[in-house]
>>> print(open('input-v3.txt').read())   # compact mmCIF, C-alpha atoms and all ligand atoms
# COMPACT_ATOMS: atom_id res chain seq x y z
CA MET A 251 66.94 73.48 88.08
CA SER A 252 63.59 72.99 89.72
CA ARG A 253 64.54 70.31 92.27
CA GLU A 254 66.97 70.99 95.10
CA PRO A 255 70.65 70.33 94.29
CA ARG A 256 72.32 67.14 95.44
CA VAL A 257 75.28 68.22 97.55
CA THR A 258 78.58 66.63 98.54
CA VAL A 259 80.48 68.31 101.37
CA TRP A 260 84.20 67.59 101.13
CA ASN A 261 86.36 68.12 104.20
CA GLU A 262 90.03 67.47 104.77
CA PHE A 263 89.08 66.25 108.30
CA ARG A 264 92.56 66.45 109.84
CA HIS A 265 92.40 69.36 112.32
CA GLU A 266 89.43 67.76 114.09
CA GLN A 267 91.47 64.61 114.72
CA ALA A 268 94.70 66.36 115.72
CA ASN A 269 93.58 69.43 117.67
CA PRO A 270 91.28 68.92 120.71
CA LYS A 271 90.16 72.56 120.48
CA VAL A 272 88.81 71.96 116.97
CA ALA A 273 87.30 68.60 117.97
CA GLU A 274 85.41 70.34 120.77
CA ILE A 275 83.87 72.83 118.33
CA TYR A 276 83.23 70.27 115.59
CA PRO A 277 82.98 66.87 117.33
CA ARG A 278 81.63 65.14 114.20
CA GLY A 279 83.90 67.05 111.85
CA ILE A 280 83.47 70.28 109.91
CA HIS A 281 81.77 68.29 107.12
CA GLU A 282 78.94 67.21 109.42
CA ALA A 283 78.60 70.76 110.78
CA LEU A 284 78.22 72.01 107.21
CA ALA A 285 75.94 69.16 106.10
CA GLY A 286 73.50 69.44 109.03
CA PRO A 287 71.86 72.78 108.17
CA LEU A 288 71.61 71.79 104.49
CA ARG A 289 69.89 68.52 105.40
CA ALA A 290 67.61 70.41 107.79
CA VAL A 291 66.01 72.22 104.85
CA GLY A 292 65.60 68.99 102.88
CA LEU A 293 68.69 68.85 100.70
CA GLU A 294 70.28 65.49 99.91
CA VAL A 295 73.82 65.79 101.29
CA ALA A 296 76.68 63.29 101.19
CA THR A 297 80.08 63.85 102.79
CA ALA A 298 83.56 62.92 101.62
CA THR A 299 86.96 63.27 103.33
CA LEU A 300 90.61 63.23 102.33
CA ASP A 301 91.52 59.86 103.84
CA GLU A 302 88.76 57.90 102.10
CA PRO A 303 89.70 56.00 98.92
CA GLU A 304 89.88 58.53 96.06
CA HIS A 305 89.26 61.14 98.80
CA GLY A 306 85.61 60.04 98.70
CA LEU A 307 85.29 61.54 95.22
CA ASP A 308 84.97 58.56 92.91
CA ARG A 309 83.20 59.07 89.60
CA ARG A 310 79.87 57.77 90.86
CA ARG A 311 79.91 60.21 93.77
CA LEU A 312 80.83 63.16 91.56
CA ASP A 313 78.29 62.20 88.89
CA ALA A 314 75.62 62.26 91.61
CA THR A 315 76.76 65.70 92.85
CA ASP A 316 75.20 68.96 91.64
CA VAL A 317 77.20 71.14 94.03
CA LEU A 318 80.46 70.31 95.79
CA VAL A 319 81.32 72.23 98.98
CA TRP A 320 85.07 72.23 99.78
CA TRP A 321 86.90 72.82 103.08
CA GLY A 322 90.64 72.11 103.25
CA HIS A 323 93.65 73.69 104.90
CA ARG A 324 96.78 71.88 106.02
CA ALA A 325 96.82 68.99 103.53
CA HIS A 326 96.08 70.63 100.19
CA ASP A 327 99.19 68.92 98.73
CA GLU A 328 97.85 65.49 99.67
CA VAL A 329 94.90 65.82 97.31
CA ALA A 330 95.83 63.70 94.29
CA ASP A 331 96.20 65.59 91.01
CA GLU A 332 94.05 62.95 89.28
CA ILE A 333 91.14 63.73 91.61
CA VAL A 334 91.65 67.48 91.15
CA GLN A 335 91.42 67.00 87.38
CA ARG A 336 88.27 64.90 87.81
CA VAL A 337 86.62 67.60 89.93
CA ARG A 338 87.75 70.32 87.52
CA GLN A 339 86.17 68.50 84.59
CA ARG A 340 82.90 68.10 86.50
CA VAL A 341 82.89 71.84 87.21
CA LEU A 342 83.51 72.62 83.54
CA ASP A 343 80.63 70.24 82.74
CA GLY A 344 78.30 72.11 85.08
CA MET A 345 78.80 71.00 88.70
CA GLY A 346 78.80 73.91 91.14
CA LEU A 347 81.69 74.48 93.55
CA VAL A 348 81.45 76.36 96.84
CA ALA A 349 84.97 76.97 98.19
CA LEU A 350 85.11 77.85 101.89
CA HIS A 351 87.75 79.77 103.86
CA SER A 352 91.21 78.18 103.44
CA ALA A 353 90.01 76.38 100.29
CA HIS A 354 91.39 79.53 98.64
CA PHE A 355 94.68 77.63 98.55
CA SER A 356 93.27 74.24 97.51
CA LYS A 357 94.51 72.72 94.26
CA ILE A 358 91.02 72.70 92.79
CA PHE A 359 90.37 76.39 93.50
CA LYS A 360 93.82 77.48 92.29
CA THR A 361 93.55 75.47 89.09
CA LEU A 362 90.12 76.92 88.32
CA MET A 363 91.27 80.48 89.06
CA GLY A 364 94.63 80.28 87.30
CA THR A 365 96.26 82.73 89.74
CA GLY A 366 98.30 82.34 92.93
CA CYS A 367 95.30 82.88 95.27
CA ASP A 368 97.57 84.03 98.13
CA LEU A 369 96.48 86.62 100.71
CA LYS A 370 97.41 88.21 104.05
CA TRP A 371 96.40 86.38 107.24
CA ARG A 372 96.60 86.71 111.01
CA GLU A 373 95.19 84.47 113.72
CA ALA A 374 94.24 86.85 116.52
CA GLY A 375 90.55 86.06 117.10
CA GLU A 376 89.53 89.54 116.02
CA ARG A 377 86.11 90.88 115.03
CA GLU A 378 85.05 90.54 111.39
CA ARG A 379 82.27 92.57 109.76
CA LEU A 380 81.08 91.13 106.47
CA TRP A 381 79.36 93.95 104.60
CA VAL A 382 76.86 93.18 101.84
CA VAL A 383 78.06 95.19 98.83
CA ASP A 384 75.52 93.74 96.36
CA PRO A 385 72.05 93.55 97.92
CA THR A 386 70.66 92.15 94.64
CA HIS A 387 72.76 89.00 94.85
CA PRO A 388 70.83 85.79 95.63
CA ILE A 389 73.59 84.52 97.92
CA VAL A 390 72.84 87.30 100.45
CA ALA A 391 69.05 86.80 100.32
CA GLY A 392 67.50 86.99 103.78
CA LEU A 393 70.63 88.40 105.42
CA PRO A 394 71.13 91.76 107.13
CA GLU A 395 73.42 94.45 105.68
CA GLN A 396 76.31 93.14 107.73
CA ILE A 397 77.21 89.89 109.45
CA VAL A 398 79.35 90.34 112.55
CA ILE A 399 81.58 87.50 113.72
CA GLU A 400 83.19 88.25 117.07
CA HIS A 401 86.22 86.01 116.66
CA GLU A 402 87.73 85.02 113.36
CA GLU A 403 91.03 84.67 111.57
CA MET A 404 91.90 87.73 109.45
CA TYR A 405 92.29 87.42 105.69
CA GLY A 406 93.47 90.61 103.98
CA GLU A 407 93.99 92.09 100.53
CA HIS A 408 95.52 91.74 98.22
CA PHE A 409 93.78 88.45 97.47
CA ASP A 410 95.40 87.14 94.29
CA ILE A 411 92.30 86.05 92.38
CA PRO A 412 91.05 86.94 88.91
CA PRO A 413 88.49 89.79 89.11
CA PRO A 414 85.29 88.09 90.32
CA ASP A 415 82.24 88.02 88.03
CA GLU A 416 80.31 89.20 91.08
CA LEU A 417 81.43 90.55 94.45
CA PHE A 418 78.75 90.56 97.12
CA LEU A 419 80.60 90.62 100.46
CA VAL A 420 83.55 92.68 101.68
CA SER A 421 85.02 92.00 105.11
CA TRP A 422 86.48 94.53 107.52
CA PHE A 423 88.69 93.30 110.32
CA ARG A 424 89.40 95.01 113.61
CA GLY A 425 93.10 95.09 112.77
CA GLY A 426 92.33 97.30 109.76
CA GLU A 427 92.46 95.01 106.74
CA VAL A 428 89.68 94.45 104.23
CA PHE A 429 88.97 91.40 102.07
CA ARG A 430 86.73 90.28 99.20
CA SER A 431 84.85 87.63 101.17
CA GLY A 432 82.00 86.71 98.82
CA CYS A 433 82.84 86.23 95.15
CA THR A 434 81.59 84.26 92.17
CA TRP A 435 83.03 83.11 88.86
CA ARG A 436 81.87 80.99 85.90
CA ARG A 437 84.14 78.33 84.44
CA GLY A 438 82.80 76.33 81.49
CA GLN A 439 79.22 75.48 82.43
CA GLY A 440 80.02 75.54 86.14
CA ARG A 441 79.44 78.17 88.78
CA ILE A 442 81.97 78.81 91.53
CA ALA A 443 81.38 80.71 94.77
CA TYR A 444 84.00 81.62 97.37
CA LEU A 445 82.95 82.38 100.96
CA ARG A 446 85.70 83.48 103.35
CA PRO A 447 84.60 82.71 106.93
CA GLY A 448 85.30 79.42 108.67
CA HIS A 449 88.64 79.14 110.47
CA GLU A 450 88.65 75.80 112.28
CA THR A 451 89.34 77.09 115.80
CA TYR A 452 86.23 79.31 115.88
CA PRO A 453 82.58 78.12 115.88
CA THR A 454 81.78 80.06 112.68
CA TYR A 455 79.87 77.23 110.99
CA HIS A 456 77.45 77.13 113.94
CA ASN A 457 76.45 80.75 113.14
CA ALA A 458 72.95 80.72 111.62
CA GLN A 459 73.74 83.62 109.25
CA ILE A 460 76.82 81.85 107.90
CA GLN A 461 74.75 78.69 107.50
CA MET A 462 72.20 80.68 105.46
CA LEU A 463 75.00 82.14 103.34
CA ILE A 464 76.27 78.64 102.55
CA LEU A 465 72.76 77.35 101.77
CA ASN A 466 72.19 80.29 99.42
CA ALA A 467 75.56 79.70 97.75
CA VAL A 468 74.77 76.01 97.23
CA ARG A 469 71.44 76.87 95.59
CA TRP A 470 73.09 79.58 93.44
CA ALA A 471 75.88 77.25 92.28
CA ALA A 472 73.50 74.48 91.18
CA PRO A 473 73.38 73.65 87.47
CA VAL A 474 70.55 75.52 85.73
CA GLY A 475 69.70 72.60 83.45
CA ALA A 476 70.76 74.23 80.16
CA ALA A 477 71.61 71.97 77.23
CA THR A 478 75.25 70.94 76.83
CA PRO A 479 76.67 73.16 74.06
CA ARG A 480 77.87 71.39 70.91
CA ARG A 481 81.29 72.40 69.69
CA GLY A 482 83.43 71.73 66.65
CA ASN A 483 82.59 71.66 62.97
CA GLN A 484 78.86 72.08 62.28
CA GLN A 485 76.38 71.68 59.46
CA PRO A 486 74.55 74.95 58.67
CA GLN A 487 71.23 75.51 60.42
CA GLU A 488 69.59 76.65 57.18
CA GLU A 489 70.23 76.08 53.47
CA LEU A 490 73.15 78.26 52.45
CA GLY A 491 71.90 78.48 48.85
ZN ZN A 501 92.00 79.52 108.71
>>> encode(input="input-v3.txt", output="structure tokens")
Amino acid sequence: MSREPRVTVWNEFRHEQANPKVAEIYPRGIHEALAGPLRAVGLEVATATLDEPEHGLDRRRLDATDVLVWWGHRAHDEVADEIVQRVRQRVLDGMGLVALHSAHFSKIFKTLMGTGCDLKWREAGERERLWVVDPTHPIVAGLPEQIVIEHEEMYGEHFDIPPPDELFLVSWFRGGEVFRSGCTWRRGQGRIAYLRPGHETYPTYHNAQIQMLILNAVRWAAPVGAATPRRGNQQPQEELG
């Protein structure tokens, strides 16, 4: 698509209200921290949170969304199945989805993947090195060959996902584990990107390189503007004689 994608950033928005440490890092919520850098480059960004009616994802909002960014963690089960189905259908119809960090266990990500999506984890504030393993991928455009985050939660393999269409980032953690941190898939007409970093007790979303990664992922996930395929019984395109 030639114009910039219209983005909705969805955030559970619970840790920020319950944990002063998280509130100090993200005083206006993780959603505003994610939305700010996208707005700064001119994108139209709305936000939506779990405790709004319909989790802020009514049909009008979703219809006006080209790419949905998702951050959730402790309240995945509170996301209504009806809303998950609505988001899933929008993805199949072409809306992009960028799933961040603990969104690996969100209902919407799990339903689109069809696997358990579980992984290893450890919260020890250890160093993470995200290595670019596909320098041709547009989501790593403008980034160095590795992004170093001094303090992050560890996520380790095996990550129970279907083999990604594309893998562009692999993380190494000081404790020894590795993880597929930047992956993409196609589902229906929609594009899905997963980006690992972003545990709520670390200021990861204030990191300019992570902000660039998210901006690139949003642009990559945007609908390309192709015609909606017709399905079902068809008349022949030419005389069959
Ligand atoms: Zn986490």
>>> residues_near_ligand(input="input-v3.txt", ligand="ligand ZN 501 (chain A)", cutoff="9 Å", atoms="only C-alpha atoms and all ligand atoms", output="ChimeraX atom specification")
/A:323,351-352,371-373,402-405,447-451
>>> closest_residue(input="input-v3.txt", among="A:Gly322, A:Lys370, A:Thr315, A:Gly292", to="A:Glu266", atoms="all atoms listed in the file")
A:Gly322
>>> closest_residue(input="input-v3.txt", among="A:Ala353, A:Leu463, A:Ala268, A:Leu293", to="A:Pro394", atoms="only C-alpha atoms")
A:Leu463
>>> closest_residue(input="input-v3.txt", among="A:Val259, A:Ala374, A:Ala283, A:Leu347", to="A:Arg311", atoms="only C-alpha atoms")
A:Val259
>>> closest_residue(input="input-v3.txt", among="A:Glu489, A:Glu400, A:Asp313, A:Asp384", to="A:Asn457", atoms="all atoms listed in the file")
A:Glu400
>>> closest_residue(input="input-v3.txt", among="A:Trp435, A:Tyr452, A:Trp422, A:Trp381", to="A:Val348", atoms="all atoms listed in the file")
A:Trp435
>>> atom_distance(input="input-v3.txt", atom1="atom CA of A:Glu274", atom2="atom CA of A:Thr297")
19.8 Å
>>> closest_residue(input="input-v3.txt", among="A:Ala296, A:Leu445, A:Val257, A:Val337", to="A:Met462", atoms="only C-alpha atoms")
A:Leu445
>>> residues_around(input="input-v3.txt", residues="A:Pro453", least_positions_apart="2", cutoff="6 Å", atoms="all atoms listed in the file", output="list in words")
Ile275, Tyr455 and His456 of chain A
>>> residues_around(input="input-v3.txt", residues="stretch 477-481 of chain A", least_positions_apart="2", cutoff="12 Å", atoms="all atoms listed in the file", output="ChimeraX atom specification")
/A:251,342-344,438-440,473-475,483-485
>>> write_last_selection(input="input-v3.txt", atoms="C-alpha atoms", output="JSON list (two decimals), keeping the file's coordinate frame")
[["chain", "number", "residue", "atom", "x", "y", "z"],
["A", 251, "MET", "CA", 66.94, 73.48, 88.08],
["A", 342, "LEU", "CA", 83.51, 72.62, 83.54],
["A", 343, "ASP", "CA", 80.63, 70.24, 82.74],
["A", 344, "GLY", "CA", 78.30, 72.11, 85.08],
["A", 438, "GLY", "CA", 82.80, 76.33, 81.49],
["A", 439, "GLN", "CA", 79.22, 75.48, 82.43],
["A", 440, "GLY", "CA", 80.02, 75.54, 86.14],
["A", 473, "PRO", "CA", 73.38, 73.65, 87.47],
["A", 474, "VAL", "CA", 70.55, 75.52, 85.73],
["A", 475, "GLY", "CA", 69.70, 72.60, 83.45],
["A", 483, "ASN", "CA", 82.59, 71.66, 62.97],
["A", 484, "GLN", "CA", 78.86, 72.08, 62.28],
["A", 485, "GLN", "CA", 76.38, 71.68, 59.46]]
>>> residues_near_point(input="input-v3.txt", point="(74.1, 72.2, 95.0)", cutoff="12 Å", atoms="only C-alpha atoms", output="MDAnalysis selection string")
chainID A and resid 251:259 285 288:289 293:296 312 314:320 341 344:348 440:443 464:474
>>> write_last_selection(input="input-v3.txt", atoms="C-alpha atoms", output="compact mmCIF listing (two decimals), in the frame of the given file")
# COMPACT_ATOMS: atom_id res chain seq x y z
CA MET A 251 66.94 73.48 88.08
CA SER A 252 63.59 72.99 89.72
CA ARG A 253 64.54 70.31 92.27
CA GLU A 254 66.97 70.99 95.10
CA PRO A 255 70.65 70.33 94.29
CA ARG A 256 72.32 67.14 95.44
CA VAL A 257 75.28 68.22 97.55
CA THR A 258 78.58 66.63 98.54
CA VAL A 259 80.48 68.31 101.37
CA ALA A 285 75.94 69.16 106.10
CA LEU A 288 71.61 71.79 104.49
CA ARG A 289 69.89 68.52 105.40
CA LEU A 293 68.69 68.85 100.70
CA GLU A 294 70.28 65.49 99.91
CA VAL A 295 73.82 65.79 101.29
CA ALA A 296 76.68 63.29 101.19
CA LEU A 312 80.83 63.16 91.56
CA ALA A 314 75.62 62.26 91.61
CA THR A 315 76.76 65.70 92.85
CA ASP A 316 75.20 68.96 91.64
CA VAL A 317 77.20 71.14 94.03
CA LEU A 318 80.46 70.31 95.79
CA VAL A 319 81.32 72.23 98.98
CA TRP A 320 85.07 72.23 99.78
CA VAL A 341 82.89 71.84 87.21
CA GLY A 344 78.30 72.11 85.08
CA MET A 345 78.80 71.00 88.70
CA GLY A 346 78.80 73.91 91.14
CA LEU A 347 81.69 74.48 93.55
CA VAL A 348 81.45 76.36 96.84
CA GLY A 440 80.02 75.54 86.14
CA ARG A 441 79.44 78.17 88.78
CA ILE A 442 81.97 78.81 91.53
CA ALA A 443 81.38 80.71 94.77
CA ILE A 464 76.27 78.64 102.55
CA LEU A 465 72.76 77.35 101.77
CA ASN A 466 72.19 80.29 99.42
CA ALA A 467 75.56 79.70 97.75
CA VAL A 468 74.77 76.01 97.23
CA ARG A 469 71.44 76.87 95.59
CA TRP A 470 73.09 79.58 93.44
CA ALA A 471 75.88 77.25 92.28
CA ALA A 472 73.50 74.48 91.18
CA PRO A 473 73.38 73.65 87.47
CA VAL A 474 70.55 75.52 85.73
>>> closest_atom_pairs(input="input-v3.txt", of="stretch 284-341 of chain A", to="stretch 359-362 of chain A", cutoff="9 Å", atoms="all atoms listed in the file", output="Markdown table")
| residue | atom | partner | partner_atom | distance |
| --- | --- | --- | --- | --- |
| A:Val334 | CA | A:Thr361 | CA | 8.5 |
| A:Gln335 | CA | A:Thr361 | CA | 8.9 |
| A:Arg338 | CA | A:Leu362 | CA | 7.1 |
| A:Val341 | CA | A:Leu362 | CA | 8.9 |
>>> atom_distance(input="input-v3.txt", atom1="atom CA of A:Cys367", atom2="atom CA of A:Glu302")
26.7 Å
>>> atom_distance(input="input-v3.txt", atom1="atom CA of A:Ile397", atom2="atom CA of A:Arg379")
5.7 Å
>>> residues_around(input="input-v3.txt", residues="A:Thr299", least_positions_apart="5", cutoff="12 Å", atoms="all atoms listed in the file", output="list in words")
Thr258, Val259, Trp260, Asn261, Glu262, Phe263, Arg264, Glu266, Gly279, Ile280, His281, Glu282, Glu304, His305, Gly306, Leu307, Asp308, Val319, Trp320, Trp321, Gly322, Ala325, Glu328 and Val329 of chain A
>>> build_atoms(input="input-v3.txt", residues="stretch 425-441 of chain A", atoms="N, CA and C atoms", output="PDB file, in the coordinates of the input")
ATOM      1  N   GLY A 425      91.711  94.674 112.963  1.00  0.00           N
ATOM      2  CA  GLY A 425      93.100  95.090 112.770  1.00  0.00           C
ATOM      3  C   GLY A 425      93.306  96.030 111.598  1.00  0.00           C
ATOM      4  N   GLY A 426      92.243  96.286 110.811  1.00  0.00           N
ATOM      5  CA  GLY A 426      92.330  97.300 109.760  1.00  0.00           C
ATOM      6  C   GLY A 426      92.254  96.800 108.345  1.00  0.00           C
ATOM      7  N   GLU A 427      92.477  95.507 108.120  1.00  0.00           N
ATOM      8  CA  GLU A 427      92.460  95.010 106.740  1.00  0.00           C
ATOM      9  C   GLU A 427      91.035  94.835 106.219  1.00  0.00           C
ATOM     10  N   VAL A 428      90.941  94.778 104.891  1.00  0.00           N
ATOM     11  CA  VAL A 428      89.680  94.450 104.230  1.00  0.00           C
ATOM     12  C   VAL A 428      89.926  93.269 103.293  1.00  0.00           C
ATOM     13  N   PHE A 429      88.815  92.622 102.881  1.00  0.00           N
ATOM     14  CA  PHE A 429      88.970  91.400 102.070  1.00  0.00           C
ATOM     15  C   PHE A 429      87.695  91.150 101.266  1.00  0.00           C
ATOM     16  N   ARG A 430      87.883  90.687 100.028  1.00  0.00           N
ATOM     17  CA  ARG A 430      86.730  90.280  99.200  1.00  0.00           C
ATOM     18  C   ARG A 430      86.272  88.892  99.634  1.00  0.00           C
ATOM     19  N   SER A 431      85.245  88.861 100.471  1.00  0.00           N
ATOM     20  CA  SER A 431      84.850  87.630 101.170  1.00  0.00           C
ATOM     21  C   SER A 431      83.754  86.829 100.491  1.00  0.00           C
ATOM     22  N   GLY A 432      83.057  87.432  99.524  1.00  0.00           N
ATOM     23  CA  GLY A 432      82.000  86.710  98.820  1.00  0.00           C
ATOM     24  C   GLY A 432      82.118  87.014  97.345  1.00  0.00           C
ATOM     25  N   CYS A 433      82.546  86.022  96.573  1.00  0.00           N
ATOM     26  CA  CYS A 433      82.840  86.230  95.150  1.00  0.00           C
ATOM     27  C   CYS A 433      82.279  85.067  94.344  1.00  0.00           C
ATOM     28  N   THR A 434      81.992  85.342  93.069  1.00  0.00           N
ATOM     29  CA  THR A 434      81.590  84.260  92.170  1.00  0.00           C
ATOM     30  C   THR A 434      82.355  84.360  90.846  1.00  0.00           C
ATOM     31  N   TRP A 435      82.466  83.191  90.208  1.00  0.00           N
ATOM     32  CA  TRP A 435      83.030  83.110  88.860  1.00  0.00           C
ATOM     33  C   TRP A 435      82.266  82.027  88.103  1.00  0.00           C
ATOM     34  N   ARG A 436      82.334  82.079  86.771  1.00  0.00           N
ATOM     35  CA  ARG A 436      81.870  80.990  85.900  1.00  0.00           C
ATOM     36  C   ARG A 436      83.094  80.364  85.249  1.00  0.00           C
ATOM     37  N   ARG A 437      83.099  79.039  85.187  1.00  0.00           N
ATOM     38  CA  ARG A 437      84.140  78.330  84.440  1.00  0.00           C
ATOM     39  C   ARG A 437      83.438  77.230  83.645  1.00  0.00           C
ATOM     40  N   GLY A 438      83.554  77.277  82.306  1.00  0.00           N
ATOM     41  CA  GLY A 438      82.800  76.330  81.490  1.00  0.00           C
ATOM     42  C   GLY A 438      81.318  76.512  81.783  1.00  0.00           C
ATOM     43  N   GLN A 439      80.636  75.396  82.076  1.00  0.00           N
ATOM     44  CA  GLN A 439      79.220  75.480  82.430  1.00  0.00           C
ATOM     45  C   GLN A 439      79.010  75.563  83.945  1.00  0.00           C
ATOM     46  N   GLY A 440      80.122  75.613  84.689  1.00  0.00           N
ATOM     47  CA  GLY A 440      80.020  75.540  86.140  1.00  0.00           C
ATOM     48  C   GLY A 440      80.068  76.901  86.818  1.00  0.00           C
ATOM     49  N   ARG A 441      79.439  76.955  87.966  1.00  0.00           N
ATOM     50  CA  ARG A 441      79.440  78.170  88.780  1.00  0.00           C
ATOM     51  C   ARG A 441      80.274  77.920  90.034  1.00  0.00           C
TER      52      ARG A 441
END
